[in-house]
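J.: Contents of work33.pdb (PDB, C-alpha atoms):
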ATOM      1  CA  MET W 201      97.832 109.185 114.280  1.00  0.00           C
ATOM      2  CA  THR W 202      96.119 111.579 116.656  1.00  0.00           C
ATOM      3  CA  GLY W 203      96.231 110.483 120.283  1.00  0.00           C
ATOM      4  CA  VAL W 204      99.013 107.911 120.055  1.00  0.00           C
ATOM      5  CA  GLY W 205     101.271 110.007 122.277  1.00  0.00           C
ATOM      6  CA  LYS W 206     103.503 111.700 119.705  1.00  0.00           C
ATOM      7  CA  SER W 207     103.568 115.130 121.324  1.00  0.00           C
ATOM      8  CA  THR W 208     104.224 113.742 124.797  1.00  0.00           C
ATOM      9  CA  ALA W 209     106.966 111.417 123.574  1.00  0.00           C
ATOM     10  CA  LEU W 210     108.502 114.145 121.438  1.00  0.00           C
ATOM     11  CA  GLY W 211     108.544 116.450 124.452  1.00  0.00           C
ATOM     12  CA  ALA W 212     110.353 113.815 126.495  1.00  0.00           C
ATOM     13  CA  LEU W 213     112.850 113.252 123.687  1.00  0.00           C
ATOM     14  CA  HIS W 214     113.433 116.980 123.330  1.00  0.00           C
ATOM     15  CA  ALA W 215     114.044 117.270 127.075  1.00  0.00           C
ATOM     16  CA  ALA W 216     116.671 114.544 126.787  1.00  0.00           C
ATOM     17  CA  ARG W 217     118.181 116.097 123.652  1.00  0.00           C
ATOM     18  CA  PRO W 218     117.769 119.898 123.867  1.00  0.00           C
ATOM     19  CA  GLY W 219     119.499 120.400 120.527  1.00  0.00           C
ATOM     20  CA  LEU W 220     116.917 118.343 118.658  1.00  0.00           C
ATOM     21  CA  LYS W 221     115.430 120.210 115.696  1.00  0.00           C
ATOM     22  CA  VAL W 222     111.780 119.555 114.859  1.00  0.00           C
ATOM     23  CA  LEU W 223     110.439 120.613 111.469  1.00  0.00           C
ATOM     24  CA  PRO W 224     107.097 122.432 111.149  1.00  0.00           C
ATOM     25  CA  ASP W 225     104.497 119.821 111.978  1.00  0.00           C
ATOM     26  CA  ARG W 226     101.969 118.032 109.824  1.00  0.00           C
ATOM     27  CA  ARG W 227      99.302 120.660 110.428  1.00  0.00           C
ATOM     28  CA  GLU W 228     101.486 123.499 109.168  1.00  0.00           C
ATOM     29  CA  VAL W 229     102.638 121.602 106.094  1.00  0.00           C
ATOM     30  CA  THR W 230      99.062 120.502 105.406  1.00  0.00           C
ATOM     31  CA  ASP W 231      97.822 124.084 105.631  1.00  0.00           C
ATOM     32  CA  ALA W 232     100.514 125.410 103.298  1.00  0.00           C
ATOM     33  CA  VAL W 233     100.622 122.632 100.705  1.00  0.00           C
ATOM     34  CA  MET W 234      97.105 121.143 100.750  1.00  0.00           C
ATOM     35  CA  ILE W 235      94.387 123.124 102.545  1.00  0.00           C
ATOM     36  CA  LEU W 236      95.003 126.678 101.349  1.00  0.00           C
ATOM     37  CA  PRO W 237      95.615 125.737  97.695  1.00  0.00           C
ATOM     38  CA  LEU W 238      92.457 123.587  97.616  1.00  0.00           C
ATOM     39  CA  ALA W 239      90.077 125.555  99.848  1.00  0.00           C
ATOM     40  CA  GLY W 240      91.471 129.047  99.419  1.00  0.00           C
ATOM     41  CA  ARG W 241      90.912 129.720 103.118  1.00  0.00           C
ATOM     42  CA  PRO W 242      91.865 128.352 106.539  1.00  0.00           C
ATOM     43  CA  VAL W 243      89.901 125.256 107.601  1.00  0.00           C
ATOM     44  CA  THR W 244      89.671 124.209 111.256  1.00  0.00           C
ATOM     45  CA  ASP W 245      87.019 121.478 111.174  1.00  0.00           C
ATOM     46  CA  ARG W 246      88.898 118.185 111.082  1.00  0.00           C
ATOM     47  CA  GLU W 247      86.275 116.343 109.057  1.00  0.00           C
ATOM     48  CA  GLU W 248      86.503 118.978 106.323  1.00  0.00           C
ATOM     49  CA  ARG W 249      90.293 118.854 106.496  1.00  0.00           C
ATOM     50  CA  PHE W 250      90.234 115.066 106.056  1.00  0.00           C
ATOM     51  CA  ALA W 251      88.111 115.519 102.925  1.00  0.00           C
ATOM     52  CA  LEU W 252      90.511 118.099 101.493  1.00  0.00           C
ATOM     53  CA  THR W 253      93.604 116.033 102.207  1.00  0.00           C
ATOM     54  CA  ALA W 254      91.885 113.059 100.565  1.00  0.00           C
ATOM     55  CA  ARG W 255      91.491 115.207  97.437  1.00  0.00           C
ATOM     56  CA  TYR W 256      95.194 116.047  97.585  1.00  0.00           C
ATOM     57  CA  ARG W 257      96.107 112.365  97.830  1.00  0.00           C
ATOM     58  CA  GLU W 258      94.079 111.576  94.717  1.00  0.00           C
ATOM     59  CA  ALA W 259      96.642 113.552  92.712  1.00  0.00           C
ATOM     60  CA  ASN W 260      99.584 112.878  95.043  1.00  0.00           C
ATOM     61  CA  PRO W 261      99.367 109.301  96.350  1.00  0.00           C
ATOM     62  CA  GLY W 262     102.378 109.823  98.597  1.00  0.00           C
ATOM     63  CA  GLY W 263     100.307 112.289 100.622  1.00  0.00           C
ATOM     64  CA  MET W 264     102.254 114.079 103.321  1.00  0.00           C
ATOM     65  CA  ALA W 265     105.478 112.263 102.409  1.00  0.00           C
ATOM     66  CA  GLN W 266     105.190 113.615  98.885  1.00  0.00           C
ATOM     67  CA  ALA W 267     104.361 117.101 100.166  1.00  0.00           C
ATOM     68  CA  LEU W 268     107.254 117.104 102.623  1.00  0.00           C
ATOM     69  CA  GLY W 269     109.657 115.775 100.020  1.00  0.00           C
ATOM     70  CA  SER W 270     108.790 118.677  97.733  1.00  0.00           C
ATOM     71  CA  LEU W 271     110.052 121.208 100.296  1.00  0.00           C
ATOM     72  CA  LEU W 272     113.598 122.311 101.121  1.00  0.00           C
ATOM     73  CA  ALA W 273     114.957 122.699 104.660  1.00  0.00           C
ATOM     74  CA  ASP W 274     118.017 124.821 105.414  1.00  0.00           C
ATOM     75  CA  THR W 275     120.392 122.545 107.332  1.00  0.00           C
ATOM     76  CA  GLY W 276     121.962 125.633 108.840  1.00  0.00           C
ATOM     77  CA  VAL W 277     118.663 126.188 110.638  1.00  0.00           C
ATOM     78  CA  TRP W 278     117.279 122.677 111.043  1.00  0.00           C
ATOM     79  CA  GLY W 279     120.496 120.698 111.363  1.00  0.00           C
ATOM     80  CA  PRO W 280     121.527 117.590 109.429  1.00  0.00           C
ATOM     81  CA  SER W 281     118.943 115.249 111.000  1.00  0.00           C
ATOM     82  CA  PRO W 282     115.709 117.093 111.811  1.00  0.00           C
ATOM     83  CA  VAL W 283     112.597 115.297 113.060  1.00  0.00           C
ATOM     84  CA  PHE W 284     109.181 115.486 111.421  1.00  0.00           C
ATOM     85  CA  ASP W 285     105.855 114.706 113.103  1.00  0.00           C
ATOM     86  CA  GLY W 286     104.434 112.927 111.283  1.00  0.00           C
ATOM     87  CA  LEU W 287     103.462 110.570 108.500  1.00  0.00           C
ATOM     88  CA  ARG W 288     100.263 108.523 108.550  1.00  0.00           C
ATOM     89  CA  GLY W 289      99.162 105.309 106.948  1.00  0.00           C
ATOM     90  CA  LEU W 290     100.734 102.799 104.610  1.00  0.00           C
ATOM     91  CA  ASP W 291     100.795 104.921 101.452  1.00  0.00           C
ATOM     92  CA  GLU W 292     102.695 107.797 103.044  1.00  0.00           C
ATOM     93  CA  VAL W 293     105.152 105.579 104.884  1.00  0.00           C
ATOM     94  CA  ARG W 294     105.850 103.347 101.896  1.00  0.00           C
ATOM     95  CA  TYR W 295     106.297 106.333  99.578  1.00  0.00           C
ATOM     96  CA  ALA W 296     108.734 107.948 102.017  1.00  0.00           C
ATOM     97  CA  ALA W 297     110.723 104.750 102.522  1.00  0.00           C
ATOM     98  CA  GLU W 298     111.025 104.096  98.800  1.00  0.00           C
ATOM     99  CA  ALA W 299     111.621 107.682  97.662  1.00  0.00           C
ATOM    100  CA  PHE W 300     113.988 108.855 100.402  1.00  0.00           C
ATOM    101  CA  ALA W 301     116.602 106.282 101.321  1.00  0.00           C
ATOM    102  CA  ALA W 302     118.082 108.412 104.118  1.00  0.00           C
ATOM    103  CA  TRP W 303     114.800 108.836 105.988  1.00  0.00           C
ATOM    104  CA  ARG W 304     114.310 106.782 109.158  1.00  0.00           C
ATOM    105  CA  PHE W 305     111.032 106.093 110.895  1.00  0.00           C
ATOM    106  CA  VAL W 306     109.626 105.795 114.399  1.00  0.00           C
ATOM    107  CA  ALA W 307     106.036 104.556 114.639  1.00  0.00           C
ATOM    108  CA  LEU W 308     104.094 105.144 117.856  1.00  0.00           C
ATOM    109  CA  GLY W 309     100.993 103.018 118.272  1.00  0.00           C
ATOM    110  CA  ALA W 310      97.974 102.900 120.564  1.00  0.00           C
ATOM    111  CA  PRO W 311      94.541 101.236 120.306  1.00  0.00           C
ATOM    112  CA  ASP W 312      91.775 103.429 118.922  1.00  0.00           C
ATOM    113  CA  ALA W 313      89.840 103.467 122.210  1.00  0.00           C
ATOM    114  CA  VAL W 314      92.952 104.703 124.006  1.00  0.00           C
ATOM    115  CA  ARG W 315      93.326 107.428 121.408  1.00  0.00           C
ATOM    116  CA  VAL W 316      89.787 108.659 122.155  1.00  0.00           C
ATOM    117  CA  ARG W 317      90.581 108.774 125.869  1.00  0.00           C
ATOM    118  CA  ARG W 318      93.765 110.728 125.225  1.00  0.00           C
ATOM    119  CA  LEU W 319      91.954 113.220 123.023  1.00  0.00           C
ATOM    120  CA  LEU W 320      89.452 113.763 125.825  1.00  0.00           C
ATOM    121  CA  GLY W 321      92.328 114.468 128.179  1.00  0.00           C
ATOM    122  CA  ARG W 322      93.902 117.253 126.173  1.00  0.00           C
ATOM    123  CA  ALA W 323      92.781 120.772 125.335  1.00  0.00           C
ATOM    124  CA  ASP W 324      93.920 121.211 121.748  1.00  0.00           C
ATOM    125  CA  ARG W 325      92.086 123.864 119.744  1.00  0.00           C
ATOM    126  CA  PHE W 326      92.814 121.793 116.644  1.00  0.00           C
ATOM    127  CA  ASP W 327      90.614 118.944 117.885  1.00  0.00           C
ATOM    128  CA  GLN W 328      87.479 120.413 116.347  1.00  0.00           C
ATOM    129  CA  VAL W 329      84.889 118.492 114.382  1.00  0.00           C
ATOM    130  CA  ARG W 330      81.169 118.860 113.826  1.00  0.00           C
ATOM    131  CA  ALA W 331      79.827 115.822 115.618  1.00  0.00           C
ATOM    132  CA  GLY W 332      76.204 116.306 114.621  1.00  0.00           C
ATOM    133  CA  GLU W 333      73.146 116.055 116.789  1.00  0.00           C
ATOM    134  CA  GLY W 334      73.607 113.192 119.186  1.00  0.00           C
ATOM    135  CA  GLY W 335      70.440 113.676 121.203  1.00  0.00           C
ATOM    136  CA  ASP W 336      70.243 112.241 124.694  1.00  0.00           C
ATOM    137  CA  ASP W 337      71.426 108.724 123.805  1.00  0.00           C
ATOM    138  CA  LEU W 338      75.203 108.877 123.475  1.00  0.00           C
ATOM    139  CA  ARG W 339      75.546 105.157 122.772  1.00  0.00           C
ATOM    140  CA  ALA W 340      73.120 105.381 119.857  1.00  0.00           C
ATOM    141  CA  ALA W 341      74.862 108.475 118.500  1.00  0.00           C
ATOM    142  CA  LEU W 342      78.219 106.708 118.630  1.00  0.00           C
ATOM    143  CA  GLY W 343      76.780 103.748 116.764  1.00  0.00           C
ATOM    144  CA  ASP W 344      75.404 106.075 114.083  1.00  0.00           C
ATOM    145  CA  LEU W 345      78.787 107.595 113.202  1.00  0.00           C
ATOM    146  CA  ARG W 346      79.679 106.882 109.586  1.00  0.00           C
ATOM    147  CA  GLY W 347      82.193 104.050 109.355  1.00  0.00           C
ATOM    148  CA  VAL W 348      82.288 103.413 113.103  1.00  0.00           C
ATOM    149  CA  GLU W 349      81.676  99.676 112.703  1.00  0.00           C
ATOM    150  CA  ALA W 350      85.017  99.330 110.908  1.00  0.00           C
ATOM    151  CA  VAL W 351      86.854 100.813 113.890  1.00  0.00           C
ATOM    152  CA  PHE W 352      84.984  99.948 117.090  1.00  0.00           C
ATOM    153  CA  GLY W 353      83.069  96.861 118.154  1.00  0.00           C
ATOM    154  CA  ALA W 354      79.884  96.977 120.216  1.00  0.00           C
ATOM    155  CA  ALA W 355      81.707  96.438 123.513  1.00  0.00           C
ATOM    156  CA  GLU W 356      84.161  99.230 122.719  1.00  0.00           C
ATOM    157  CA  LEU W 357      81.300 101.600 121.917  1.00  0.00           C
ATOM    158  CA  ASP W 358      79.665 100.655 125.215  1.00  0.00           C
ATOM    159  CA  ALA W 359      82.917 101.527 126.986  1.00  0.00           C
ATOM    160  CA  LEU W 360      83.187 104.847 125.157  1.00  0.00           C
ATOM    161  CA  ALA W 361      79.609 105.747 126.078  1.00  0.00           C
ATOM    162  CA  ALA W 362      80.425 104.893 129.695  1.00  0.00           C
ATOM    163  CA  LEU W 363      83.091 107.609 129.709  1.00  0.00           C
ATOM    164  CA  GLU W 364      80.245 110.023 130.378  1.00  0.00           C
ATOM    165  CA  GLN W 365      80.051 108.521 133.871  1.00  0.00           C
ATOM    166  CA  GLU W 366      83.693 109.519 134.399  1.00  0.00           C
ATOM    167  CA  GLY W 367      82.804 113.172 133.957  1.00  0.00           C
ATOM    168  CA  HIS W 368      83.353 113.628 130.230  1.00  0.00           C
ATOM    169  CA  ALA W 369      80.656 115.516 128.353  1.00  0.00           C
ATOM    170  CA  ALA W 370      78.684 113.486 125.822  1.00  0.00           C
ATOM    171  CA  PRO W 371      79.315 115.965 122.958  1.00  0.00           C
ATOM    172  CA  ASP W 372      83.063 115.756 123.622  1.00  0.00           C
ATOM    173  CA  ILE W 373      83.042 111.951 123.618  1.00  0.00           C
ATOM    174  CA  LEU W 374      81.100 111.934 120.366  1.00  0.00           C
ATOM    175  CA  ALA W 375      83.370 114.526 118.744  1.00  0.00           C
ATOM    176  CA  LYS W 376      86.614 112.818 119.763  1.00  0.00           C
ATOM    177  CA  THR W 377      85.324 109.435 118.634  1.00  0.00           C
ATOM    178  CA  LYS W 378      84.386 110.958 115.296  1.00  0.00           C
ATOM    179  CA  ILE W 379      87.934 112.307 114.912  1.00  0.00           C
ATOM    180  CA  VAL W 380      89.400 108.840 115.400  1.00  0.00           C
ATOM    181  CA  VAL W 381      86.864 107.211 113.074  1.00  0.00           C
ATOM    182  CA  SER W 382      87.442 109.878 110.410  1.00  0.00           C
ATOM    183  CA  GLU W 383      91.208 109.368 110.546  1.00  0.00           C
ATOM    184  CA  ARG W 384      90.861 105.613 110.305  1.00  0.00           C
ATOM    185  CA  ARG W 385      88.788 105.940 107.128  1.00  0.00           C
ATOM    186  CA  SER W 386      91.865 107.432 105.485  1.00  0.00           C
ATOM    187  CA  TYR W 387      94.780 105.823 107.318  1.00  0.00           C
ATOM    188  CA  ASP W 388      95.485 102.307 108.567  1.00  0.00           C
ATOM    189  CA  PRO W 389      98.199 102.489 111.243  1.00  0.00           C
ATOM    190  CA  ALA W 390      98.489  98.703 111.533  1.00  0.00           C
ATOM    191  CA  ALA W 391      99.315  98.364 107.829  1.00  0.00           C
ATOM    192  CA  ALA W 392     101.939 101.095 108.134  1.00  0.00           C
ATOM    193  CA  GLU W 393     103.502  99.402 111.159  1.00  0.00           C
ATOM    194  CA  ASP W 394     103.541  96.041 109.370  1.00  0.00           C
ATOM    195  CA  PHE W 395     105.358  97.635 106.440  1.00  0.00           C
ATOM    196  CA  LEU W 396     107.892  99.329 108.708  1.00  0.00           C
ATOM    197  CA  ARG W 397     108.702  95.973 110.288  1.00  0.00           C
ATOM    198  CA  THR W 398     109.861  94.775 106.855  1.00  0.00           C
ATOM    199  CA  LEU W 399     112.538  97.482 106.724  1.00  0.00           C
ATOM    200  CA  PRO W 400     116.030  96.986 108.161  1.00  0.00           C
ATOM    201  CA  PRO W 401     116.035  97.656 111.932  1.00  0.00           C
ATOM    202  CA  ALA W 402     118.306 100.657 111.408  1.00  0.00           C
ATOM    203  CA  ARG W 403     115.563 102.365 109.384  1.00  0.00           C
ATOM    204  CA  ALA W 404     112.451 101.722 111.464  1.00  0.00           C
ATOM    205  CA  LEU W 405     111.396 101.444 115.097  1.00  0.00           C
ATOM    206  CA  VAL W 406     107.837 100.525 116.146  1.00  0.00           C
ATOM    207  CA  LEU W 407     106.790 101.300 119.731  1.00  0.00           C
ATOM    208  CA  ASP W 408     103.654 100.727 121.810  1.00  0.00           C
ATOM    209  CA  THR W 409     102.829 103.905 123.749  1.00  0.00           C
ATOM    210  CA  VAL W 410     100.456 102.041 126.049  1.00  0.00           C
ATOM    211  CA  ALA W 411     103.135  99.627 127.219  1.00  0.00           C
ATOM    212  CA  LEU W 412     105.824 102.332 127.375  1.00  0.00           C
ATOM    213  CA  SER W 413     105.855 105.637 129.244  1.00  0.00           C
ATOM    214  CA  PRO W 414     106.839 108.790 127.322  1.00  0.00           C
ATOM    215  CA  GLU W 415     110.226 108.678 129.033  1.00  0.00           C
ATOM    216  CA  ALA W 416     110.704 105.040 128.027  1.00  0.00           C
ATOM    217  CA  VAL W 417     109.739 105.912 124.448  1.00  0.00           C
ATOM    218  CA  ALA W 418     112.304 108.721 124.453  1.00  0.00           C
ATOM    219  CA  ARG W 419     115.003 106.388 125.780  1.00  0.00           C
ATOM    220  CA  ALA W 420     114.156 103.743 123.185  1.00  0.00           C
ATOM    221  CA  VAL W 421     114.302 106.286 120.360  1.00  0.00           C
ATOM    222  CA  GLN W 422     117.598 107.703 121.622  1.00  0.00           C
ATOM    223  CA  ALA W 423     119.156 104.249 121.868  1.00  0.00           C
ATOM    224  CA  TRP W 424     117.866 103.268 118.425  1.00  0.00           C
ATOM    225  CA  ALA W 425     118.999 106.527 116.817  1.00  0.00           C
ATOM    226  CA  GLY W 426     122.458 106.074 118.292  1.00  0.00           C
ATOM    227  CA  GLU W 427     122.741 102.514 117.021  1.00  0.00           C
ATOM    228  CA  ALA W 428     121.329 103.411 113.600  1.00  0.00           C
ATOM    229  CA  GLY W 429     123.751 106.294 113.231  1.00  0.00           C
ATOM    230  CA  ARG W 430     126.844 104.162 113.768  1.00  0.00           C
TER     231      ARG W 430
END
Kindly present the structure from the file in structure tokens form.
T.:
Amino acid sequence: MTGVGKSTALGALHAARPGLKVLPDRREVTDAVMILPLAGRPVTDREERFALTARYREANPGGMAQALGSLLADTGVWGPSPVFDGLRGLDEVRYAAEAFAAWRFVALGAPDAVRVRRLLGRADRFDQVRAGEGGDDLRAALGDLRGVEAVFGAAELDALAALEQEGHAAPDILAKTKIVVSERRSYDPAAAEDFLRTLPPARALVLDTVALSPEAVARAVQAWAGEAGR
């Protein structure tokens, strides 16, 4: 999920293992396999992208796992054990685990409020979404986001609105919160993590990126990958 620390952790892992091969990421595969065939044009707004990928999943319930599994990677270029970032939600993870016995999984988790904070702290041109007209009352605008009550409680929304006092612009807070809420309408990370915990330890590793630094995540993944490969 966006904002759980994947890019930071992957960077730390790559620094520790310079030979690591990383496949084209979820955005690139989504553009090639889902967005362009359905929309016929590039789409940058994340809310619109979520709607298009939902349409893709109606016909392909395995979602990104199904899309990725339909592609071929040259092992001469990508090596025998490339890394992909990343699958989302129970349906994708379960499909991948059941359809591809050799695939192994690392799940990185963080609370939704932390994800909003992390999105506010990065300058990614991909983090675009039409947040709507929030007016002067950020707290009210946050509470009016579609589906927000399923993701954030009242106290959490109060805390998000208070981020304005830390120097974050209200439109940015609203937009980043909408990204997280939009993702959570389609993907449940907790359900995916629960499923991964049912797999043999050699196939799945679940890590908390709040409790662990990126370097600690990289070390944990390295140690797990070494044990799993024996």
J.: Residues at most 8 Å from stretch 267-280 of chain W, counting all atoms listed in the file, excluding those fewer than 6 positions away in the same chain, as a VMD selection string?
T.: chain W and resid 221 to 223 229 233
J.: Might you spell out which residues the PyMOL selection byres ((chain W and resi 352) around 10) would select in the displayed file, as a list in words?
T.: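 Checked against the file, the PyMOL selection byres ((chain W and resi 352) around 10) matches Asp312, Ala313, Leu342, Gly343, Gly347, Val348, Glu349, Ala350, Val351, Gly353, Ala354, Ala355, Glu356, Leu357, Asp358, Leu360, Thr377 and Val381 of chain W.
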J.: When the PyMOL selection byres ((chain W and resi 382) around 9) is applied to the file above, which residues end up in the set, as a list in words?
T.: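 What the PyMOL selection byres ((chain W and resi 382) around 9) grabs from the file is Arg246, Glu247, Phe250, Arg346, Gly347, Val348, Thr377, Lys378, Ile379, Val380, Val381, Glu383, Arg384, Arg385, Ser386 and Tyr387 of chain W.
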J.: If you keep C-alpha atoms, can you produce a file of those selected residues as a PDB file, in the coordinates of the input?
T.:
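Just written: selection_16.pdb:
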ATOM      1  CA  ARG W 246      88.898 118.185 111.082  1.00  0.00           C
ATOM      2  CA  GLU W 247      86.275 116.343 109.057  1.00  0.00           C
ATOM      3  CA  PHE W 250      90.234 115.066 106.056  1.00  0.00           C
ATOM      4  CA  ARG W 346      79.679 106.882 109.586  1.00  0.00           C
ATOM      5  CA  GLY W 347      82.193 104.050 109.355  1.00  0.00           C
ATOM      6  CA  VAL W 348      82.288 103.413 113.103  1.00  0.00           C
ATOM      7  CA  THR W 377      85.324 109.435 118.634  1.00  0.00           C
ATOM      8  CA  LYS W 378      84.386 110.958 115.296  1.00  0.00           C
ATOM      9  CA  ILE W 379      87.934 112.307 114.912  1.00  0.00           C
ATOM     10  CA  VAL W 380      89.400 108.840 115.400  1.00  0.00           C
ATOM     11  CA  VAL W 381      86.864 107.211 113.074  1.00  0.00           C
ATOM     12  CA  GLU W 383      91.208 109.368 110.546  1.00  0.00           C
ATOM     13  CA  ARG W 384      90.861 105.613 110.305  1.00  0.00           C
ATOM     14  CA  ARG W 385      88.788 105.940 107.128  1.00  0.00           C
ATOM     15  CA  SER W 386      91.865 107.432 105.485  1.00  0.00           C
ATOM     16  CA  TYR W 387      94.780 105.823 107.318  1.00  0.00           C
TER      17      TYR W 387
END
J.: Starting from the shown file, work through the PyMOL selection byres ((chain W and resi 284) around 7) and note down what comes out as a VMD selection string.
T.: chain W and resid 222 to 223 225 282 to 283 285 to 286
J.: What's the separation between atom CA of W:Asp372 and atom CA of W:Arg315, in Å to one decimal place?
T.: 13.4 Å
J.: Using all atoms listed in the file for the distances, tell me which of W:Asp337, W:Arg226, W:Ala310, W:Ala265 is nearest to W:Leu412.
T.: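 Smallest separation from W:Leu412 among the options: W:Ala310.
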J.: Determine, counting only C-alpha atoms, which protein, DNA and RNA residues have an atom within 10 Å of an atom of W:Phe395; residues of the same chain fewer than 2 positions away are not included. Present the result as number ranges by chain.
T.: W: 289-291, 293-294, 297, 389-393, 397-399, 404
J.: Let me see the file: selected residues, C-alpha atoms, as an mmCIF file, keeping the file's coordinate frame.
T.:
data_model
loop_
_atom_site.group_PDB
_atom_site.id
_atom_site.type_symbol
_atom_site.label_atom_id
_atom_site.label_comp_id
_atom_site.auth_asym_id
_atom_site.auth_seq_id
_atom_site.Cartn_x
_atom_site.Cartn_y
_atom_site.Cartn_z
ATOM 1 C CA GLY W 289 99.162 105.309 106.948
ATOM 2 C CA LEU W 290 100.734 102.799 104.610
ATOM 3 C CA ASP W 291 100.795 104.921 101.452
ATOM 4 C CA VAL W 293 105.152 105.579 104.884
ATOM 5 C CA ARG W 294 105.850 103.347 101.896
ATOM 6 C CA ALA W 297 110.723 104.750 102.522
ATOM 7 C CA PRO W 389 98.199 102.489 111.243
ATOM 8 C CA ALA W 390 98.489 98.703 111.533
ATOM 9 C CA ALA W 391 99.315 98.364 107.829
ATOM 10 C CA ALA W 392 101.939 101.095 108.134
ATOM 11 C CA GLU W 393 103.502 99.402 111.159
ATOM 12 C CA ARG W 397 108.702 95.973 110.288
ATOM 13 C CA THR W 398 109.861 94.775 106.855
ATOM 14 C CA LEU W 399 112.538 97.482 106.724
ATOM 15 C CA ALA W 404 112.451 101.722 111.464
#
J.: Grab the atom CA of W:Val406 to atom CA of W:Gly309 distance for me, in Å with one decimal place.
T.: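 One can read the atom CA of W:Val406 to atom CA of W:Gly309 distance as 7.6 Å.
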J.: Please measure the separation of atom CA of W:Pro261 and atom CA of W:Leu405, giving the value in Å to one decimal.
T.: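 One can read the atom CA of W:Pro261 to atom CA of W:Leu405 distance as 23.6 Å.
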J.: Excluding W:Arg255 and any residue of its chain fewer than 3 positions from it, enumerate the residues within 12 Å of it, using only C-alpha atoms, and give them as an mmCIF file with C-alpha atoms, in the frame of the given file.
T.:
data_model
loop_
_atom_site.group_PDB
_atom_site.id
_atom_site.type_symbol
_atom_site.label_atom_id
_atom_site.label_comp_id
_atom_site.auth_asym_id
_atom_site.auth_seq_id
_atom_site.Cartn_x
_atom_site.Cartn_y
_atom_site.Cartn_z
ATOM 1 C CA MET W 234 97.105 121.143 100.750
ATOM 2 C CA ILE W 235 94.387 123.124 102.545
ATOM 3 C CA PRO W 237 95.615 125.737 97.695
ATOM 4 C CA LEU W 238 92.457 123.587 97.616
ATOM 5 C CA ALA W 239 90.077 125.555 99.848
ATOM 6 C CA GLU W 248 86.503 118.978 106.323
ATOM 7 C CA ARG W 249 90.293 118.854 106.496
ATOM 8 C CA PHE W 250 90.234 115.066 106.056
ATOM 9 C CA ALA W 251 88.111 115.519 102.925
ATOM 10 C CA LEU W 252 90.511 118.099 101.493
ATOM 11 C CA GLU W 258 94.079 111.576 94.717
ATOM 12 C CA ALA W 259 96.642 113.552 92.712
ATOM 13 C CA ASN W 260 99.584 112.878 95.043
ATOM 14 C CA PRO W 261 99.367 109.301 96.350
ATOM 15 C CA GLY W 263 100.307 112.289 100.622
ATOM 16 C CA SER W 386 91.865 107.432 105.485
#
J.: So which one's closest to W:Phe300, W:Leu220, W:Gln266, W:Arg241, W:Ala362? Using only C-alpha atoms, please.
T.: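 Among the listed residues, the smallest separation from W:Phe300 belongs to W:Gln266.
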J.: Smallest atom-to-atom distance to W:Ala212: which of W:Glu415, W:Arg317, W:Gly426, W:Ala307, using only C-alpha atoms?
T.: W:Glu415
J.: Check the smallest atom-to-atom distance from each of W:Ala209, W:Leu374, W:Met264, W:Val316 to W:Glu228 using all atoms listed in the file, then report the winner.
T.: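 That would be W:Met264, the residue with the smallest distance to W:Glu228.
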J.: Mind completing stretch 226-237 of chain W with N, CA and C atoms? Output as a CSV table (one decimal), keeping the file's coordinate frame, please?
T.:
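Writing done, so here's result20.csv:
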chain,number,residue,atom,x,y,z
W,226,ARG,N,102.9,118.5,110.9
W,226,ARG,CA,102.0,118.0,109.8
W,226,ARG,C,100.9,119.1,109.6
W,227,ARG,N,100.4,119.7,110.6
W,227,ARG,CA,99.3,120.7,110.4
W,227,ARG,C,99.8,121.8,109.6
W,228,GLU,N,101.0,122.3,109.9
W,228,GLU,CA,101.5,123.5,109.2
W,228,GLU,C,101.8,123.2,107.7
W,229,VAL,N,102.4,122.0,107.5
W,229,VAL,CA,102.6,121.6,106.1
W,229,VAL,C,101.3,121.4,105.3
W,230,THR,N,100.4,120.7,106.0
W,230,THR,CA,99.1,120.5,105.4
W,230,THR,C,98.4,121.8,105.0
W,231,ASP,N,98.4,122.8,105.9
W,231,ASP,CA,97.8,124.1,105.6
W,231,ASP,C,98.5,124.7,104.4
W,232,ALA,N,99.8,124.7,104.4
W,232,ALA,CA,100.5,125.4,103.3
W,232,ALA,C,100.4,124.7,102.0
W,233,VAL,N,100.5,123.4,102.0
W,233,VAL,CA,100.6,122.6,100.7
W,233,VAL,C,99.3,122.1,100.2
W,234,MET,N,98.4,121.8,101.1
W,234,MET,CA,97.1,121.1,100.8
W,234,MET,C,95.9,122.0,101.0
W,235,ILE,N,95.6,122.5,102.2
W,235,ILE,CA,94.4,123.1,102.5
W,235,ILE,C,94.2,124.5,101.8
W,236,LEU,N,95.2,125.4,102.0
W,236,LEU,CA,95.0,126.7,101.3
W,236,LEU,C,94.9,126.6,99.8
W,237,PRO,N,95.8,125.8,99.2
W,237,PRO,CA,95.6,125.7,97.7
W,237,PRO,C,94.3,125.2,97.3
